[in-house]
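The structure file my_file.txt is reproduced below (compact mmCIF, C-alpha atoms).
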```
# COMPACT_ATOMS: atom_id res chain seq x y z
CA MET A 1 71.46 91.68 155.46
CA ARG A 2 74.40 90.47 153.34
CA THR A 3 77.50 92.65 153.41
CA PHE A 4 80.17 93.07 150.71
CA LYS A 5 83.76 94.15 150.99
CA PRO A 6 84.56 97.55 149.45
CA ALA A 7 86.97 95.96 146.93
CA VAL A 8 84.22 93.67 145.66
CA ILE A 9 81.82 96.60 145.27
CA ALA A 10 84.46 98.64 143.39
CA THR A 11 85.17 95.80 141.02
CA ALA A 12 81.48 95.26 140.32
CA LEU A 13 80.96 98.96 139.61
CA ALA A 14 83.95 99.04 137.27
CA ILE A 15 82.60 96.11 135.29
CA ALA A 16 79.13 97.61 135.14
CA CYS A 17 80.38 101.02 133.97
CA ALA A 18 82.92 99.75 131.46
CA SER A 19 81.99 100.02 127.78
CA PRO A 20 82.07 96.61 126.14
CA ALA A 21 84.87 96.46 123.58
CA LEU A 22 83.74 95.28 120.16
CA ALA A 23 80.22 94.67 121.38
CA ALA A 24 78.18 92.39 119.15
CA ASN A 25 76.45 94.18 116.26
CA THR A 26 78.11 97.49 117.14
CA PRO A 27 79.38 99.00 113.86
CA ILE A 28 83.10 99.71 113.58
CA THR A 29 84.18 102.97 111.96
CA MET A 30 87.39 102.97 109.90
CA TYR A 31 88.82 106.37 109.00
CA VAL A 32 90.76 106.84 105.77
CA PRO A 33 92.84 110.05 105.74
CA PHE A 34 92.52 110.44 101.96
CA SER A 35 89.82 110.86 99.33
CA ALA A 36 87.90 107.90 97.93
CA GLY A 37 89.38 105.96 95.04
CA GLY A 38 93.06 105.90 95.98
CA SER A 39 95.12 102.89 97.03
CA THR A 40 94.52 103.48 100.75
CA ASP A 41 90.77 103.78 100.24
CA ILE A 42 90.67 100.64 98.08
CA LEU A 43 92.61 98.64 100.67
CA ALA A 44 90.45 99.99 103.50
CA ARG A 45 87.26 98.80 101.83
CA VAL A 46 88.71 95.35 101.17
CA ILE A 47 89.89 94.98 104.78
CA ALA A 48 86.70 96.49 106.20
CA LYS A 49 84.63 93.81 104.51
CA ASP A 50 86.92 91.07 105.82
CA ILE A 51 86.91 92.40 109.40
CA GLY A 52 83.14 92.72 109.32
CA GLU A 53 82.72 89.13 108.20
CA ALA A 54 85.20 87.81 110.78
CA LEU A 55 83.59 89.70 113.67
CA ASP A 56 79.98 89.43 112.45
CA THR A 57 79.49 93.19 112.36
CA SER A 58 79.57 96.06 109.89
CA VAL A 59 82.64 98.20 109.27
CA VAL A 60 81.92 101.65 107.86
CA VAL A 61 84.71 103.39 105.95
CA GLU A 62 84.77 107.17 106.41
CA ASN A 63 87.02 109.27 104.19
CA LYS A 64 88.49 112.23 106.04
CA PRO A 65 91.00 113.80 103.64
CA GLY A 66 93.04 116.92 104.14
CA ALA A 67 95.93 118.47 106.04
CA GLU A 68 98.39 115.61 105.40
CA GLY A 69 96.18 113.21 107.38
CA PHE A 70 96.05 115.47 110.45
CA ILE A 71 92.24 115.73 110.38
CA ALA A 72 91.61 111.99 110.54
CA ALA A 73 94.43 111.34 113.01
CA ARG A 74 93.18 114.02 115.38
CA GLN A 75 89.72 112.42 115.42
CA LEU A 76 91.14 108.95 116.01
CA LYS A 77 93.22 110.27 118.90
CA ALA A 78 90.04 111.65 120.52
CA ALA A 79 87.97 108.49 119.92
CA LYS A 80 86.97 106.09 122.68
CA PRO A 81 89.57 103.28 122.95
CA ASP A 82 87.10 100.43 122.65
CA GLY A 83 88.08 99.00 119.27
CA ASN A 84 85.10 100.49 117.47
CA THR A 85 87.04 103.33 115.85
CA LEU A 86 90.07 102.54 113.69
CA MET A 87 92.15 104.18 110.96
CA LEU A 88 94.06 102.87 107.98
CA VAL A 89 97.28 104.84 107.74
CA THR A 90 100.19 105.08 105.36
CA THR A 91 103.88 105.50 106.03
CA SER A 92 103.46 109.24 105.48
CA VAL A 93 100.64 109.78 107.96
CA TYR A 94 102.10 107.56 110.67
CA ALA A 95 105.85 108.11 110.39
CA ILE A 96 106.91 110.79 107.87
CA ASN A 97 104.64 113.50 109.28
CA GLN A 98 106.31 113.05 112.66
CA ALA A 99 109.73 113.33 111.04
CA ILE A 100 109.35 116.44 108.89
CA PHE A 101 106.65 118.76 110.25
CA THR A 102 107.37 121.22 113.04
CA GLN A 103 103.89 120.84 114.52
CA VAL A 104 101.92 117.60 114.45
CA PRO A 105 98.66 117.28 116.46
CA TYR A 106 99.38 113.67 117.43
CA ASP A 107 102.23 111.44 118.51
CA SER A 108 101.95 108.15 116.62
CA GLY A 109 103.99 106.21 119.16
CA LYS A 110 101.98 107.45 122.15
CA ASP A 111 98.49 108.22 120.85
CA PHE A 112 97.90 105.08 118.77
CA VAL A 113 98.35 101.32 118.98
CA THR A 114 99.14 99.25 115.88
CA VAL A 115 96.69 96.50 115.01
CA ASP A 116 98.46 95.23 111.88
CA VAL A 117 100.77 96.24 109.04
CA MET A 118 98.89 94.60 106.24
CA ALA A 119 100.66 95.42 103.00
CA SER A 120 103.64 97.23 101.57
CA SER A 121 105.33 98.13 98.31
CA PRO A 122 108.60 99.70 97.24
CA ASN A 123 108.67 103.17 95.78
CA VAL A 124 109.95 103.67 92.24
CA PHE A 125 112.15 106.30 90.60
CA LEU A 126 110.36 107.29 87.39
CA ALA A 127 111.52 109.20 84.32
CA PRO A 128 109.93 110.05 80.95
CA ALA A 129 110.19 107.17 78.48
CA ASN A 130 112.39 109.21 76.13
CA SER A 131 114.56 110.69 78.90
CA LYS A 132 118.34 110.69 78.55
CA TYR A 133 118.47 109.46 82.16
CA ASN A 134 118.47 105.67 82.50
CA SER A 135 119.83 105.15 86.00
CA ILE A 136 120.37 106.77 89.38
CA LYS A 137 123.99 107.36 88.30
CA ASP A 138 122.77 109.38 85.32
CA LEU A 139 120.71 111.64 87.60
CA VAL A 140 123.55 112.10 90.05
CA ASP A 141 126.15 112.78 87.34
CA ALA A 142 123.91 115.42 85.77
CA ALA A 143 123.26 117.07 89.14
CA ARG A 144 126.99 117.20 89.87
CA ALA A 145 127.69 118.74 86.49
CA LYS A 146 124.96 121.34 86.92
CA PRO A 147 123.58 121.91 90.45
CA ASP A 148 119.82 122.53 90.42
CA GLY A 149 119.83 121.44 86.79
CA VAL A 150 117.91 118.20 87.48
CA PHE A 151 114.23 118.72 88.33
CA TYR A 152 112.03 116.34 90.30
CA GLY A 153 108.31 116.55 90.98
CA THR A 154 106.73 116.05 94.40
CA GLY A 155 103.05 115.70 95.22
CA ALA A 156 103.41 114.14 98.67
CA THR A 157 105.84 114.02 101.55
CA MET A 158 106.94 110.50 100.55
CA HIS A 159 108.05 111.80 97.14
CA LEU A 160 109.90 114.70 98.71
CA LEU A 161 111.79 112.76 101.35
CA ASN A 162 112.96 110.02 98.97
CA SER A 163 114.26 112.65 96.54
CA LYS A 164 115.91 114.71 99.25
CA TRP A 165 117.58 111.63 100.71
CA LEU A 166 119.15 110.84 97.33
CA GLU A 167 120.46 114.40 97.23
CA ALA A 168 121.97 114.02 100.69
CA LEU A 169 123.58 110.64 100.03
CA SER A 170 125.00 111.72 96.67
CA ASN A 171 126.03 115.18 97.95
CA THR A 172 124.23 116.87 95.07
CA LYS A 173 121.72 119.67 94.73
CA MET A 174 118.61 119.06 92.63
CA ALA A 175 115.54 121.25 92.12
CA GLY A 176 112.20 120.15 93.60
CA VAL A 177 108.94 121.26 91.99
CA ASN A 178 105.89 121.00 94.28
CA TYR A 179 102.46 119.92 93.02
CA LYS A 180 99.08 119.39 94.66
CA GLY A 181 99.06 115.61 94.77
CA SER A 182 100.60 112.79 92.75
CA ALA A 183 98.18 113.02 89.84
CA ALA A 184 99.18 116.61 89.14
CA VAL A 185 102.85 115.64 88.62
CA TYR A 186 102.35 113.07 85.88
CA PRO A 187 101.52 115.32 82.91
CA ASP A 188 104.72 117.30 83.48
CA LEU A 189 106.75 114.15 84.12
CA ILE A 190 105.53 112.43 80.96
CA SER A 191 106.19 115.54 78.86
CA GLY A 192 109.68 115.97 80.33
CA ARG A 193 109.10 119.27 82.13
CA VAL A 194 110.44 117.52 85.23
CA ASP A 195 113.16 114.90 85.01
CA PHE A 196 112.07 112.36 87.59
CA MET A 197 109.65 111.54 90.39
CA VAL A 198 109.50 108.99 93.21
CA ASP A 199 106.08 107.39 93.70
CA GLN A 200 104.25 104.17 94.51
CA PRO A 201 103.80 101.58 91.73
CA LEU A 202 99.99 101.80 91.89
CA SER A 203 99.94 105.43 90.78
CA SER A 204 102.43 104.91 87.97
CA MET A 205 101.78 101.39 86.68
CA SER A 206 99.46 102.39 83.83
CA PHE A 207 102.03 104.92 82.55
CA ILE A 208 104.80 102.33 82.79
CA GLN A 209 102.78 99.70 80.96
CA SER A 210 101.83 102.18 78.21
CA LYS A 211 105.56 103.04 77.88
CA GLN A 212 105.06 106.70 78.75
CA LEU A 213 107.39 106.32 81.73
CA LYS A 214 110.36 104.14 82.57
CA VAL A 215 111.57 102.94 85.97
CA LEU A 216 115.14 103.82 86.92
CA ALA A 217 115.15 102.07 90.30
CA VAL A 218 113.07 100.54 93.06
CA THR A 219 113.66 101.63 96.64
CA SER A 220 113.28 98.27 98.37
CA LYS A 221 116.29 96.54 99.89
CA GLN A 222 115.95 93.64 97.44
CA ARG A 223 114.64 93.63 93.88
CA TRP A 224 110.86 93.65 93.71
CA PRO A 225 109.37 90.41 92.28
CA GLN A 226 106.81 92.41 90.31
CA MET A 227 109.68 94.28 88.55
CA PRO A 228 112.55 91.76 88.67
CA ASP A 229 114.62 93.46 85.96
CA VAL A 230 114.71 96.85 87.71
CA PRO A 231 117.73 97.39 89.97
CA THR A 232 117.43 98.82 93.45
CA VAL A 233 118.87 102.19 94.48
CA ALA A 234 121.16 100.21 96.79
CA GLU A 235 122.56 98.27 93.81
CA GLN A 236 123.27 101.54 92.05
CA GLY A 237 125.77 102.84 94.55
CA TYR A 238 123.76 103.76 97.66
CA PRO A 239 123.62 100.64 99.86
CA SER A 240 121.87 102.38 102.78
CA PHE A 241 118.99 103.60 100.61
CA SER A 242 115.91 101.52 101.39
CA THR A 243 112.37 102.82 101.77
CA THR A 244 108.98 101.18 101.68
CA SER A 245 105.41 102.41 101.47
CA TRP A 246 103.15 100.48 103.83
CA TRP A 247 99.57 100.44 105.09
CA ALA A 248 98.75 99.84 108.76
CA LEU A 249 95.56 99.58 110.77
CA ILE A 250 95.72 101.49 114.05
CA ALA A 251 93.45 102.15 117.04
CA PRO A 252 93.49 104.78 119.81
CA ALA A 253 96.01 104.24 122.59
CA GLY A 254 94.43 102.52 125.56
CA THR A 255 92.46 100.04 123.47
CA PRO A 256 92.48 96.80 125.51
CA PRO A 257 95.17 94.34 124.36
CA GLU A 258 92.62 91.56 123.95
CA THR A 259 90.59 93.80 121.65
CA VAL A 260 93.65 94.68 119.59
CA LYS A 261 94.47 90.97 119.28
CA LYS A 262 90.90 90.20 118.21
CA LEU A 263 91.08 92.86 115.50
CA HIS A 264 94.50 91.63 114.37
CA ASP A 265 93.22 88.07 114.06
CA ALA A 266 90.25 89.31 112.02
CA VAL A 267 92.59 91.13 109.62
CA ARG A 268 94.80 88.07 109.28
CA LYS A 269 91.78 85.91 108.52
CA GLY A 270 90.90 88.27 105.70
CA LEU A 271 94.44 88.41 104.32
CA ALA A 272 94.46 84.62 104.06
CA LYS A 273 91.60 84.73 101.53
CA GLN A 274 92.54 84.30 97.89
CA ASP A 275 90.30 87.08 96.59
CA THR A 276 91.73 89.54 99.14
CA GLN A 277 95.26 88.61 98.12
CA GLU A 278 94.43 89.21 94.47
CA LYS A 279 92.87 92.61 95.17
CA ILE A 280 95.91 93.73 97.13
CA LYS A 281 98.25 92.61 94.36
CA GLN A 282 96.17 94.62 91.89
CA ILE A 283 96.95 97.84 93.78
CA GLY A 284 100.67 97.16 93.42
CA ALA A 285 101.31 95.92 96.94
CA ASP A 286 102.51 92.78 98.71
CA ILE A 287 100.87 91.23 101.76
CA ASN A 288 103.02 91.31 104.89
CA GLN A 289 103.30 88.26 107.09
CA MET A 290 103.50 89.75 110.59
CA SER A 291 102.36 88.76 114.03
CA LEU A 292 100.81 91.46 116.21
CA GLU A 293 104.08 91.88 118.09
CA GLU A 294 106.07 92.11 114.85
CA ALA A 295 103.68 94.72 113.42
CA GLN A 296 103.96 96.89 116.52
CA ALA A 297 107.74 96.61 116.54
CA TYR A 298 107.84 97.48 112.84
CA THR A 299 105.84 100.70 113.12
CA ALA A 300 107.96 101.75 116.09
CA SER A 301 111.13 101.16 114.07
CA GLU A 302 109.73 103.10 111.11
CA LEU A 303 109.22 106.16 113.31
CA GLN A 304 112.92 106.11 114.12
CA LYS A 305 113.97 105.30 110.55
CA TRP A 306 112.11 108.19 108.91
CA LYS A 307 113.31 110.63 111.56
CA SER A 308 116.85 109.57 110.76
CA ILE A 309 116.23 110.00 107.02
CA ALA A 310 114.68 113.44 107.51
CA ASP A 311 117.59 114.52 109.69
CA SER A 312 120.10 113.21 107.15
CA ALA A 313 118.30 115.01 104.30
CA HIS A 314 117.85 118.19 106.37
CA VAL A 315 114.10 118.24 105.72
CA LYS A 316 111.89 120.17 108.12
CA LEU A 317 108.61 121.79 107.07
CA SER A 318 106.61 124.40 108.92
CA ASN A 319 102.84 124.03 108.90
```

Target format structure tokens, applied to this file:
Amino acid sequence: MRTFKPAVIATALAIACASPALAANTPITMYVPFSAGGSTDILARVIAKDIGEALDTSVVVENKPGAEGFIAARQLKAAKPDGNTLMLVTTSVYAINQAIFTQVPYDSGKDFVTVDVMASSPNVFLAPANSKYNSIKDLVDAARAKPDGVFYGTGATMHLLNSKWLEALSNTKMAGVNYKGSAAVYPDLISGRVDFMVDQPLSSMSFIQSKQLKVLAVTSKQRWPQMPDVPTVAEQGYPSFSTTSWWALIAPAGTPPETVKKLHDAVRKGLAKQDTQEKIKQIGADINQMSLEEAQAYTASELQKWKSIADSAHVKLSN
């Protein structure tokens, strides 16, 4: 009778019991923490198709909106770390939630691993086309002359934190008006009931092109090539002001590094395709050129950055 050493037996059992990561023909599920039709959903469906083709499998997009992304993130946290359950997140879900809410049912830095940061865009300061405000200086001067006399609309945490940070840096007090989502702000912004709003270009581009809104500033560190004539907030007197909206693909913590790398390579293969690049540009975003290591370092740095911004703006929300 042949005998085996205990270590050999243990290793064999571990291999036999382990779930194969990214097993052939096993569908991948990609959560989207928002409703269908928005920029995150559009990007998810583009990337899902590319990942599926690269890995010769199907990628099913599941929309799980609600509770600032908490619902989807909680389910991803509980998922098996085998690479077959992913989520496409935004800056807000991954980093801003951690910075501003008193209770968050996940820790982005500990519960998830970044697969890629695929695309990003600056935010834009928007005002009605016929507004008397034409610059960040105009807003700040008006707020100094009459505290709480300048009104801004917010439909998401990204809108709120950008606006609050401007208040903090300019040492002014403005009045925030809360809405249920970005779309709800625009009628009041266009009509002049609120003076400005900070949002992503995708949501506002049609109003800008139809000359119902004008752009006072972009929030990127450098001028945005898609709006080269619009100055940055930094150029207008606030050199530290720089924020970006970005979209990242993440997996549960504990997903094997080789699986994460395989997923990253599949995403990169998709982003190299001309039609994918055109679709991403259409949603008002730019493709990021990041290695896996750079993407993981970037999301880690964004957690710290948004915490610093929230602390500086004195923003903390109970939930």

### Task
Could you give me, as an MDAnalysis selection string, the residues that have an atom at most 7 Å away from the point (107.6, 120.5, 92.7) in the coordinates of the file, using all atoms listed in the file?
chainID A and resid 152:154 176:179

With 6 Å as the cut-off and only C-alpha atoms counted, what is the closest atom pair between each nearby residue of range 86-155 of chain A and range 207-220 of chain A? Distances in Å to one decimal, ordered by chain and number, as JSON lines.
```
{"residue": "A:Pro122", "atom": "CA", "partner": "A:Ser220", "partner_atom": "CA", "distance": 5.0}
{"residue": "A:Asn123", "atom": "CA", "partner": "A:Thr219", "partner_atom": "CA", "distance": 5.3}
{"residue": "A:Val124", "atom": "CA", "partner": "A:Val218", "partner_atom": "CA", "distance": 4.5}
{"residue": "A:Phe125", "atom": "CA", "partner": "A:Ala217", "partner_atom": "CA", "distance": 5.2}
{"residue": "A:Leu126", "atom": "CA", "partner": "A:Val215", "partner_atom": "CA", "distance": 4.7}
{"residue": "A:Ala127", "atom": "CA", "partner": "A:Lys214", "partner_atom": "CA", "distance": 5.5}
{"residue": "A:Pro128", "atom": "CA", "partner": "A:Leu213", "partner_atom": "CA", "distance": 4.6}
{"residue": "A:Ala129", "atom": "CA", "partner": "A:Leu213", "partner_atom": "CA", "distance": 4.4}
{"residue": "A:Asn134", "atom": "CA", "partner": "A:Leu216", "partner_atom": "CA", "distance": 5.8}
{"residue": "A:Ser135", "atom": "CA", "partner": "A:Leu216", "partner_atom": "CA", "distance": 5.0}
```

### Query
Could you work out how far CA of Val32 in chain A lies from CA of Asn63 in chain A, giving the answer in Å with one decimal?
4.7 Å

#### Entry: Between CA of Ala251 in chain A and CA of Ala79 in chain A - distance in Å to one decimal
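If I compute the distance from CA of Ala79 in chain A to CA of Ala251 in chain A, I get 8.9 Å.
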
Considering all atoms listed in the file, give me a table of residues in range 292-314 of chain A that are at most 12 Å from range 157-160 of chain A, with the closest atom pair and distance in Å for each, as CSV.
```
residue,atom,partner,partner_atom,distance
A:Trp306,CA,A:Met158,CA,10.1
A:Ile309,CA,A:Met158,CA,11.3
A:Ala310,CA,A:Leu160,CA,10.1
A:Ala313,CA,A:Leu160,CA,10.1
A:His314,CA,A:Leu160,CA,11.6
```

### Query
Neighbours of range 39-44 of chain A within 8 Å (only C-alpha atoms; same-chain residues fewer than 6 positions away dropped), as an NGL selection string?
:A and (30 or 32 or 61 or 63 or 88-90 or 202 or 247 or 280 or 283)

### Query
How many Å separate CA of Lys146 in chain A from CA of Leu317 in chain A?
26.0 Å

Could you build a table of the residues in range 211-249 of chain A lying no more than 9 Å from range 164-174 of chain A, giving for each the nearest pair of atoms and their separation in Å rounded to one decimal place, using only C-alpha atoms, ordered by chain and ascending residue number, as CSV?
```
residue,atom,partner,partner_atom,distance
A:Tyr238,CA,A:Leu169,CA,7.3
A:Ser240,CA,A:Leu169,CA,8.9
A:Phe241,CA,A:Leu166,CA,7.9
```

#### Entry: Distance query range 71-74 of chain A at most 6 Å, only C-alpha atoms, self and fewer than 3 positions along chain excluded, as a ChimeraX atom specification
/A:33,64,77

### Task
Would you mind listing what lies within 8 Å of range 92-98 of chain A as a ChimeraX atom specification, with all atoms listed in the file counted and same-chain residues fewer than 3 positions away left out?
/A:68-70,89,101,104,107-108,157-158,299,302-303,306-307

### Query
In terms of the shortest atom-to-atom distance over all atoms listed in the file, which of A:Val198, A:Ala36, A:Ala78, A:Ile28 is closest to Pro252 in chain A?
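For Pro252 in chain A, the nearest of the given residues is A:Ala78.
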
Counting all atoms listed in the file, find the residues whose atoms lie at most 10 Å from (90.1, 89.9, 116.5) (file coordinates) and write them out as a short mmCIF file (atom, residue, chain, number, x, y, z; two decimals) with C-alpha atoms, in the coordinates of the input.
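The resulting selection-v9.cif:
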```cif
data_model
loop_
_atom_site.label_atom_id
_atom_site.label_comp_id
_atom_site.auth_asym_id
_atom_site.auth_seq_id
_atom_site.Cartn_x
_atom_site.Cartn_y
_atom_site.Cartn_z
CA LEU A 22 83.74 95.28 120.16
CA ILE A 51 86.91 92.40 109.40
CA ALA A 54 85.20 87.81 110.78
CA LEU A 55 83.59 89.70 113.67
CA GLY A 83 88.08 99.00 119.27
CA VAL A 115 96.69 96.50 115.01
CA GLU A 258 92.62 91.56 123.95
CA THR A 259 90.59 93.80 121.65
CA VAL A 260 93.65 94.68 119.59
CA LYS A 261 94.47 90.97 119.28
CA LYS A 262 90.90 90.20 118.21
CA LEU A 263 91.08 92.86 115.50
CA HIS A 264 94.50 91.63 114.37
CA ASP A 265 93.22 88.07 114.06
CA ALA A 266 90.25 89.31 112.02
CA VAL A 267 92.59 91.13 109.62
CA ARG A 268 94.80 88.07 109.28
CA LYS A 269 91.78 85.91 108.52
#
```

### Within 12 Å of Gln277 in chain A using all atoms listed in the file, minus same-chain residues under 5 positions, as a ChimeraX atom specification
/A:43,46-47,50,118-119,268-272,282-288

#### Entry: Using all atoms listed in the file: which of A:Met87, A:Val117, A:Ala99, A:Leu249 has the shortest distance to Gln304 in chain A
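Smallest separation from Gln304 in chain A among the options: A:Ala99.
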
### Who sits within 9 Å of Tyr133 in chain A, only C-alpha atoms, same chain under 3 positions skipped, as a list in words
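The residues that qualify are Ala127, Pro128, Asn130, Ile136, Lys137, Asp138, Leu139, Ala142, Asp195, Phe196 and Leu216 of chain A.
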
What does the file look like for those residues with C-alpha atoms, as a PDB file, keeping the file's coordinate frame?
```pdb
ATOM      1  CA  ALA A 127     111.520 109.200  84.320  1.00  0.00           C
ATOM      2  CA  PRO A 128     109.930 110.050  80.950  1.00  0.00           C
ATOM      3  CA  ASN A 130     112.390 109.210  76.130  1.00  0.00           C
ATOM      4  CA  ILE A 136     120.370 106.770  89.380  1.00  0.00           C
ATOM      5  CA  LYS A 137     123.990 107.360  88.300  1.00  0.00           C
ATOM      6  CA  ASP A 138     122.770 109.380  85.320  1.00  0.00           C
ATOM      7  CA  LEU A 139     120.710 111.640  87.600  1.00  0.00           C
ATOM      8  CA  ALA A 142     123.910 115.420  85.770  1.00  0.00           C
ATOM      9  CA  ASP A 195     113.160 114.900  85.010  1.00  0.00           C
ATOM     10  CA  PHE A 196     112.070 112.360  87.590  1.00  0.00           C
ATOM     11  CA  LEU A 216     115.140 103.820  86.920  1.00  0.00           C
TER      12      LEU A 216
END
```

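Distances to Lys132 in chain A were evaluated for A:Tyr298, A:Thr29, A:Lys279, A:Gly192 using only C-alpha atoms, and the minimum falls at A:Gly192.
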